[in-house]
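Peer 1: So I've got this file, entry-v2.cif, and it contains mmCIF, C-alpha atoms:
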```
data_entry
loop_
_atom_site.group_PDB
_atom_site.id
_atom_site.type_symbol
_atom_site.label_atom_id
_atom_site.label_comp_id
_atom_site.auth_asym_id
_atom_site.auth_seq_id
_atom_site.Cartn_x
_atom_site.Cartn_y
_atom_site.Cartn_z
ATOM 1 C CA MET E 492 -13.012 -18.646 0.026
ATOM 2 C CA THR E 493 -12.111 -18.647 3.693
ATOM 3 C CA ALA E 494 -14.284 -16.495 5.947
ATOM 4 C CA LEU E 495 -12.414 -14.663 8.705
ATOM 5 C CA SER E 496 -13.662 -13.532 12.082
ATOM 6 C CA PHE E 497 -13.121 -10.018 13.425
ATOM 7 C CA GLY E 498 -10.285 -11.375 15.591
ATOM 8 C CA LYS E 499 -8.566 -13.023 12.625
ATOM 9 C CA LEU E 500 -8.898 -9.848 10.580
ATOM 10 C CA GLU E 501 -7.409 -7.812 13.411
ATOM 11 C CA GLU E 502 -4.513 -10.275 13.583
ATOM 12 C CA ALA E 503 -4.082 -10.037 9.786
ATOM 13 C CA TYR E 504 -3.913 -6.241 10.032
ATOM 14 C CA ILE E 505 -1.245 -6.415 12.724
ATOM 15 C CA PHE E 506 0.832 -8.985 10.798
ATOM 16 C CA VAL E 507 0.672 -6.990 7.549
ATOM 17 C CA TYR E 508 1.611 -3.797 9.423
ATOM 18 C CA GLU E 509 4.578 -5.567 11.056
ATOM 19 C CA ASN E 510 5.644 -6.992 7.689
ATOM 20 C CA VAL E 511 5.624 -3.488 6.185
ATOM 21 C CA LYS E 512 7.793 -2.275 9.053
ATOM 22 C CA GLU E 513 10.278 -5.121 8.503
ATOM 23 C CA LEU E 514 10.361 -4.583 4.725
ATOM 24 C CA LEU E 515 11.097 -0.882 5.231
ATOM 25 C CA GLU E 516 13.838 -1.613 7.774
ATOM 26 C CA GLU E 517 15.463 -4.033 5.329
ATOM 27 C CA SER E 518 15.027 -1.615 2.434
ATOM 28 C CA ARG E 519 16.731 1.108 4.483
ATOM 29 C CA LEU E 520 19.649 -1.246 5.271
ATOM 30 C CA LEU E 521 20.081 -2.075 1.600
ATOM 31 C CA TYR E 522 19.919 1.616 0.682
ATOM 32 C CA GLU E 523 22.555 2.529 3.265
ATOM 33 C CA ASN E 524 24.748 -0.232 1.829
ATOM 34 C CA LYS E 525 24.342 1.133 -1.725
ATOM 35 C CA LYS E 526 22.164 -1.753 -2.928
ATOM 36 C CA TYR E 527 19.682 0.620 -4.565
ATOM 37 C CA ALA E 528 17.832 -1.767 -6.862
ATOM 38 C CA ARG E 529 16.936 -4.206 -4.108
ATOM 39 C CA SER E 530 16.203 -1.320 -1.731
ATOM 40 C CA TYR E 531 13.713 -0.038 -4.287
ATOM 41 C CA ALA E 532 12.170 -3.503 -4.704
ATOM 42 C CA LEU E 533 11.612 -3.968 -0.970
ATOM 43 C CA ALA E 534 10.195 -0.444 -0.644
ATOM 44 C CA GLN E 535 7.744 -1.259 -3.445
ATOM 45 C CA PHE E 536 6.784 -4.537 -1.764
ATOM 46 C CA ALA E 537 6.172 -2.552 1.447
ATOM 47 C CA HIS E 538 4.127 -0.085 -0.567
ATOM 48 C CA GLU E 539 1.899 -2.844 -1.907
ATOM 49 C CA GLU E 540 1.592 -4.367 1.564
ATOM 50 C CA LEU E 541 0.420 -1.004 2.925
ATOM 51 C CA ALA E 542 -2.460 -1.092 0.452
ATOM 52 C CA LYS E 543 -3.715 -4.259 2.169
ATOM 53 C CA LEU E 544 -4.385 -2.362 5.386
ATOM 54 C CA PRO E 545 -7.535 -0.489 4.248
ATOM 55 C CA ILE E 546 -8.804 -3.695 2.615
ATOM 56 C CA ILE E 547 -8.431 -5.615 5.885
ATOM 57 C CA TYR E 548 -9.831 -2.716 7.913
ATOM 58 C CA GLN E 549 -12.910 -2.654 5.684
ATOM 59 C CA GLU E 550 -13.599 -6.345 6.241
ATOM 60 C CA ALA E 551 -12.970 -5.983 9.986
ATOM 61 C CA SER E 552 -15.512 -3.157 10.132
ATOM 62 C CA ARG E 553 -18.002 -5.322 8.205
ATOM 63 C CA ALA E 554 -17.438 -8.136 10.687
ATOM 64 C CA PHE E 555 -17.842 -5.734 13.611
ATOM 65 C CA PHE E 556 -21.119 -4.317 12.246
ATOM 66 C CA LYS E 557 -22.261 -7.813 11.137
ATOM 67 C CA GLU E 558 -22.516 -6.770 7.492
ATOM 68 C CA PRO E 559 -22.233 -9.253 4.593
ATOM 69 C CA HIS E 560 -18.808 -10.100 3.143
ATOM 70 C CA ASP E 561 -17.629 -10.975 -0.342
ATOM 71 C CA TRP E 562 -14.713 -13.198 0.665
ATOM 72 C CA LYS E 563 -13.811 -14.031 -2.923
ATOM 73 C CA ASP E 564 -13.384 -10.322 -3.719
ATOM 74 C CA PHE E 565 -11.520 -9.749 -0.440
ATOM 75 C CA HIS E 566 -8.926 -12.457 -1.182
ATOM 76 C CA LYS E 567 -8.590 -11.283 -4.799
ATOM 77 C CA ARG E 568 -7.962 -7.664 -3.740
ATOM 78 C CA LEU E 569 -5.340 -8.768 -1.184
ATOM 79 C CA ARG E 570 -3.354 -10.546 -3.883
ATOM 80 C CA SER E 571 -3.830 -8.239 -6.865
ATOM 81 C CA HIS E 572 -0.799 -6.009 -7.457
ATOM 82 C CA GLU E 573 -2.884 -3.844 -9.773
ATOM 83 C CA SER E 574 -5.606 -3.379 -7.168
ATOM 84 C CA LYS E 575 -3.092 -2.484 -4.453
ATOM 85 C CA ASN E 576 -1.231 -0.038 -6.686
ATOM 86 C CA LYS E 577 -4.543 1.607 -7.632
ATOM 87 C CA MET E 578 -5.342 1.933 -3.939
ATOM 88 C CA ASN E 579 -1.978 3.640 -3.349
ATOM 89 C CA PHE E 580 -2.575 5.930 -6.336
ATOM 90 C CA ILE E 581 -5.947 6.983 -4.885
ATOM 91 C CA PHE E 582 -4.328 7.541 -1.480
ATOM 92 C CA TYR E 583 -1.726 9.883 -3.013
ATOM 93 C CA ARG E 584 -4.356 11.661 -5.079
ATOM 94 C CA TYR E 585 -6.349 12.228 -1.869
ATOM 95 C CA MET E 586 -3.276 13.523 -0.005
ATOM 96 C CA LEU E 587 -2.485 15.901 -2.881
ATOM 97 C CA ASP E 588 -6.072 17.164 -2.791
ATOM 98 C CA ILE E 589 -5.856 17.799 0.962
ATOM 99 C CA ALA E 590 -2.560 19.653 0.526
ATOM 100 C CA LYS E 591 -4.022 21.537 -2.475
ATOM 101 C CA LYS E 592 -1.062 20.423 -4.566
ATOM 102 C CA GLU E 593 -0.657 18.795 -7.940
ATOM 103 C CA HIS E 594 1.752 16.236 -9.330
ATOM 104 C CA SER E 595 1.810 15.531 -13.051
ATOM 105 C CA ASP E 596 2.001 11.732 -12.534
ATOM 106 C CA PHE E 597 -0.961 11.640 -10.155
ATOM 107 C CA THR E 598 -3.787 12.987 -12.263
ATOM 108 C CA ILE E 599 -6.747 10.690 -12.863
ATOM 109 C CA GLU E 600 -6.103 10.989 -16.618
ATOM 110 C CA LYS E 601 -2.584 9.577 -16.163
ATOM 111 C CA MET E 602 -3.499 6.843 -13.682
ATOM 112 C CA GLU E 603 -3.096 3.895 -16.083
ATOM 113 C CA ASP E 604 0.238 5.181 -17.417
ATOM 114 C CA THR E 605 1.518 5.849 -13.888
ATOM 115 C CA LEU E 606 0.467 2.391 -12.696
ATOM 116 C CA GLN E 607 2.183 0.778 -15.673
ATOM 117 C CA HIS E 608 5.348 2.776 -14.957
ATOM 118 C CA ILE E 609 5.269 1.710 -11.282
ATOM 119 C CA ASN E 610 5.054 -1.935 -12.331
ATOM 120 C CA GLU E 611 7.926 -1.487 -14.825
ATOM 121 C CA LEU E 612 10.121 0.061 -12.122
ATOM 122 C CA LYS E 613 9.389 -2.840 -9.788
ATOM 123 C CA ASN E 614 10.328 -5.323 -12.501
ATOM 124 C CA ASN E 615 13.461 -3.303 -13.339
ATOM 125 C CA SER E 616 14.487 -3.488 -9.680
ATOM 126 C CA ILE E 617 14.325 -7.295 -9.640
ATOM 127 C CA TYR E 618 14.975 -8.752 -13.088
ATOM 128 C CA ALA E 619 17.730 -8.524 -15.700
ATOM 129 C CA ASP E 620 16.137 -7.818 -19.081
ATOM 130 C CA ILE E 621 16.609 -6.470 -22.595
ATOM 131 C CA LYS E 622 16.034 -2.732 -23.024
ATOM 132 C CA ASN E 623 16.692 -0.830 -26.232
ATOM 133 C CA ASN E 624 18.304 -3.933 -27.759
ATOM 134 C CA LYS E 625 20.796 -4.207 -24.888
ATOM 135 C CA PHE E 626 20.826 -6.516 -21.921
ATOM 136 C CA THR E 627 20.676 -4.699 -18.593
ATOM 137 C CA LYS E 628 20.419 -5.532 -14.906
ATOM 138 C CA PRO E 629 18.658 -3.929 -11.923
ATOM 139 C CA SER E 630 21.759 -2.244 -10.494
ATOM 140 C CA LEU E 631 22.106 -0.338 -13.791
ATOM 141 C CA GLU E 632 18.421 0.623 -13.930
ATOM 142 C CA ILE E 633 17.665 1.841 -10.394
ATOM 143 C CA GLU E 634 19.774 4.769 -9.250
ATOM 144 C CA LYS E 635 20.355 6.112 -5.754
ATOM 145 C CA ASN E 636 17.996 9.071 -6.119
ATOM 146 C CA LEU E 637 15.066 6.959 -7.359
ATOM 147 C CA ALA E 638 15.540 4.356 -4.608
ATOM 148 C CA GLY E 639 15.897 7.003 -1.903
ATOM 149 C CA THR E 640 12.895 9.019 -3.032
ATOM 150 C CA HIS E 641 10.686 5.940 -3.210
ATOM 151 C CA LEU E 642 11.852 4.633 0.155
ATOM 152 C CA GLU E 643 11.163 7.992 1.827
ATOM 153 C CA LEU E 644 7.724 8.185 0.229
ATOM 154 C CA VAL E 645 6.734 4.743 1.519
ATOM 155 C CA GLU E 646 8.209 5.468 4.962
ATOM 156 C CA GLU E 647 6.049 8.605 5.168
ATOM 157 C CA MET E 648 2.992 6.647 4.100
ATOM 158 C CA PHE E 649 3.784 4.071 6.798
ATOM 159 C CA LYS E 650 3.979 6.861 9.398
ATOM 160 C CA THR E 651 0.543 8.051 8.284
ATOM 161 C CA PHE E 652 -0.930 4.573 8.728
ATOM 162 C CA SER E 653 0.765 4.307 12.131
ATOM 163 C CA LEU E 654 -1.194 7.305 13.435
ATOM 164 C CA SER E 655 -4.423 5.270 13.508
ATOM 165 C CA ASN E 656 -3.099 2.769 16.087
ATOM 166 C CA PHE E 657 -5.050 0.032 14.261
ATOM 167 C CA HIS E 658 -1.855 -2.054 14.426
ATOM 168 C CA ILE E 659 -2.199 -2.255 18.221
ATOM 169 C CA LYS E 660 -4.425 -5.074 19.474
ATOM 170 C CA GLY E 661 -7.855 -3.592 20.137
ATOM 171 C CA GLY E 662 -7.137 -0.517 17.998
ATOM 172 C CA ILE E 663 -9.552 -1.394 15.199
ATOM 173 C CA LYS E 664 -12.378 -2.220 17.607
ATOM 174 C CA LYS E 665 -11.785 1.020 19.488
ATOM 175 C CA SER E 666 -12.043 2.972 16.223
ATOM 176 C CA LEU E 667 -15.326 1.244 15.338
ATOM 177 C CA ASP E 668 -16.865 1.537 18.765
ATOM 178 C CA ILE E 669 -17.764 5.189 18.264
ATOM 179 C CA ASP E 670 -20.613 7.005 16.519
ATOM 180 C CA LYS E 671 -18.499 8.512 13.765
ATOM 181 C CA ALA E 672 -17.097 5.120 12.658
ATOM 182 C CA LYS E 673 -19.859 4.604 10.091
ATOM 183 C CA LEU E 674 -19.364 8.147 8.744
ATOM 184 C CA GLN E 675 -15.609 7.546 8.432
ATOM 185 C CA LYS E 676 -16.244 4.259 6.662
ATOM 186 C CA GLU E 677 -18.601 5.972 4.217
ATOM 187 C CA SER E 678 -16.036 8.686 3.484
ATOM 188 C CA PHE E 679 -13.391 5.991 2.765
ATOM 189 C CA ARG E 680 -15.874 4.324 0.423
ATOM 190 C CA LYS E 681 -16.526 7.606 -1.437
ATOM 191 C CA LEU E 682 -12.773 8.166 -1.847
ATOM 192 C CA GLY E 683 -12.413 4.732 -3.377
ATOM 193 C CA LEU E 684 -10.142 3.479 -0.588
ATOM 194 C CA ILE E 685 -12.647 0.730 0.228
ATOM 195 C CA LYS E 686 -15.573 -0.858 -1.608
#
```
Spell out the structure here as structure tokens.

Peer 2:
Amino acid sequence: MTALSFGKLEEAYIFVYENVKELLEESRLLYENKKYARSYALAQFAHEELAKLPIIYQEASRAFFKEPHDWKDFHKRLRSHESKNKMNFIFYRYMLDIAKKEHSDFTIEKMEDTLQHINELKNNSIYADIKNNKFTKPSLEIEKNLAGTHLELVEEMFKTFSLSNFHIKGGIKKSLDIDKAKLQKESFRKLGLIK
């Protein structure tokens, strides 16, 4: 597997962040033009892209602190839809804990069912298929409310990631060049956001 320098990892973070921004802009355009299924699909792609950011940040921090890397695992996690959706699930669980709120779909006991449902919705937003012995298509499966709710959720998550300024050249290094960087990294590890 290809090893990446700190500079390449920083560039990867910026490119992924910019891709998320573009996917959300395009999803919003589709939504405003009543193309709800494809709007949902692009919002979900943006959602999965967002999950790459902590993975890249983790490797950048390892490079910065000259820690060992598992490049095979890194590349696998970047490409695994399941891994990225689990990361997003953990992020939402963490945000619910901070807000002292609950959501029936985001309990640890329901994680596997929720992740399966998320994958089914993504597939429903892209592919025509047979459901209940009838052929159906994405525009019949994904309604305005579902597309809008999902798009808004991912847009809010994007805003949260934007607060870090890691997407600005030098932002990751600045965050690591302080005493509390190792403590922050350890807290991310305990939350399951990074390995």

Peer 1: The PyMOL selection byres ((chain E and resi 652-658) around 12) - which residues does that actually catch in the file I just gave you? List them as number ranges by chain.

Peer 2: E: 500-512, 538, 540-545, 547-549, 551-552, 582, 645-651, 659-667

Peer 1: Just give me the gap between atom CA of Glu600 of chain E and atom CA of Tyr583 of chain E in Å, one decimal is fine.

Peer 2: 14.3 Å

Peer 1: Which residues would end up in the selection if the PyMOL selection byres ((chain E and resi 556) around 12) were applied here, given that I need the answer as a list in words?

Peer 2: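 In the shown coordinates, the PyMOL selection byres ((chain E and resi 556) around 12) covers Ser496, Phe497, Gln549, Glu550, Ala551, Ser552, Arg553, Ala554, Phe555, Lys557, Glu558, Pro559, His560, Lys664, Leu667, Asp668, Ile669, Ala672, Lys673 and Lys676 of chain E.
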
Peer 1: Out of E:Ile546, E:Lys525, E:Met602, E:Ala532, which residue has the shortest atom-to-atom distance to Asp561 of chain E when counting all atoms listed in the file?

Peer 2: E:Ile546

Peer 1: Give me, please, the distance in Å between atom CA of Asp620 of chain E and atom CA of Leu521 of chain E, quoted to one decimal.

Peer 2: 21.8 Å

Peer 1: Return the single residue from E:His608, E:Lys591, E:Lys635, E:His566 that is closest to Leu495 of chain E, with distances computed using only C-alpha atoms.

Peer 2: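 Going through E:His608, E:Lys591, E:Lys635, E:His566 one by one, the smallest distance to Leu495 of chain E is for E:His566.
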
Peer 1: Which value, in Å to one decimal, gives the distance between atom CA of Ile599 of chain E and atom CA of His641 of chain E?

Peer 2: 20.5 Å

Peer 1: Could you tell me which of E:Leu514, E:Lys622, E:Asp588, E:Glu539 comes closest to Leu569 of chain E if we count all atoms listed in the file?

Peer 2: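 Of E:Leu514, E:Lys622, E:Asp588, E:Glu539, the one nearest Leu569 of chain E, counting all atoms listed in the file, is E:Glu539.
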
Peer 1: Smallest atom-to-atom distance to Glu516 of chain E: which of E:Ser530, E:Ser630, E:Gln675, E:Thr640, using all atoms listed in the file?

Peer 2: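 Smallest separation from Glu516 of chain E among the options: E:Ser530.
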
Peer 1: Considering all atoms listed in the file, state which residue in the set E:Leu642, E:Ile621, E:Gly683, E:Leu631 is at the smallest distance from Phe536 of chain E.

Peer 2: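 For Phe536 of chain E, the nearest of the candidates is E:Leu642.
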
Peer 1: With 8 Å added on each side, what axis-aligned box encloses every listed atom of segment 553-561 of chain E? Give the centre and edge lengths in Å to one decimal, as lines of an AutoDock Vina configuration file.

Peer 2:
```
center_x = -20.0
center_y = -7.6
center_z = 6.6
size_x = 21.1
size_y = 22.7
size_z = 30.0
```

Peer 1: Determine, counting all atoms listed in the file, which protein, DNA and RNA residues have an atom within 12 Å of an atom of Thr598 of chain E; residues of the same chain fewer than 3 positions away are not included. Present the result as a count of residues only.

Peer 2: 17
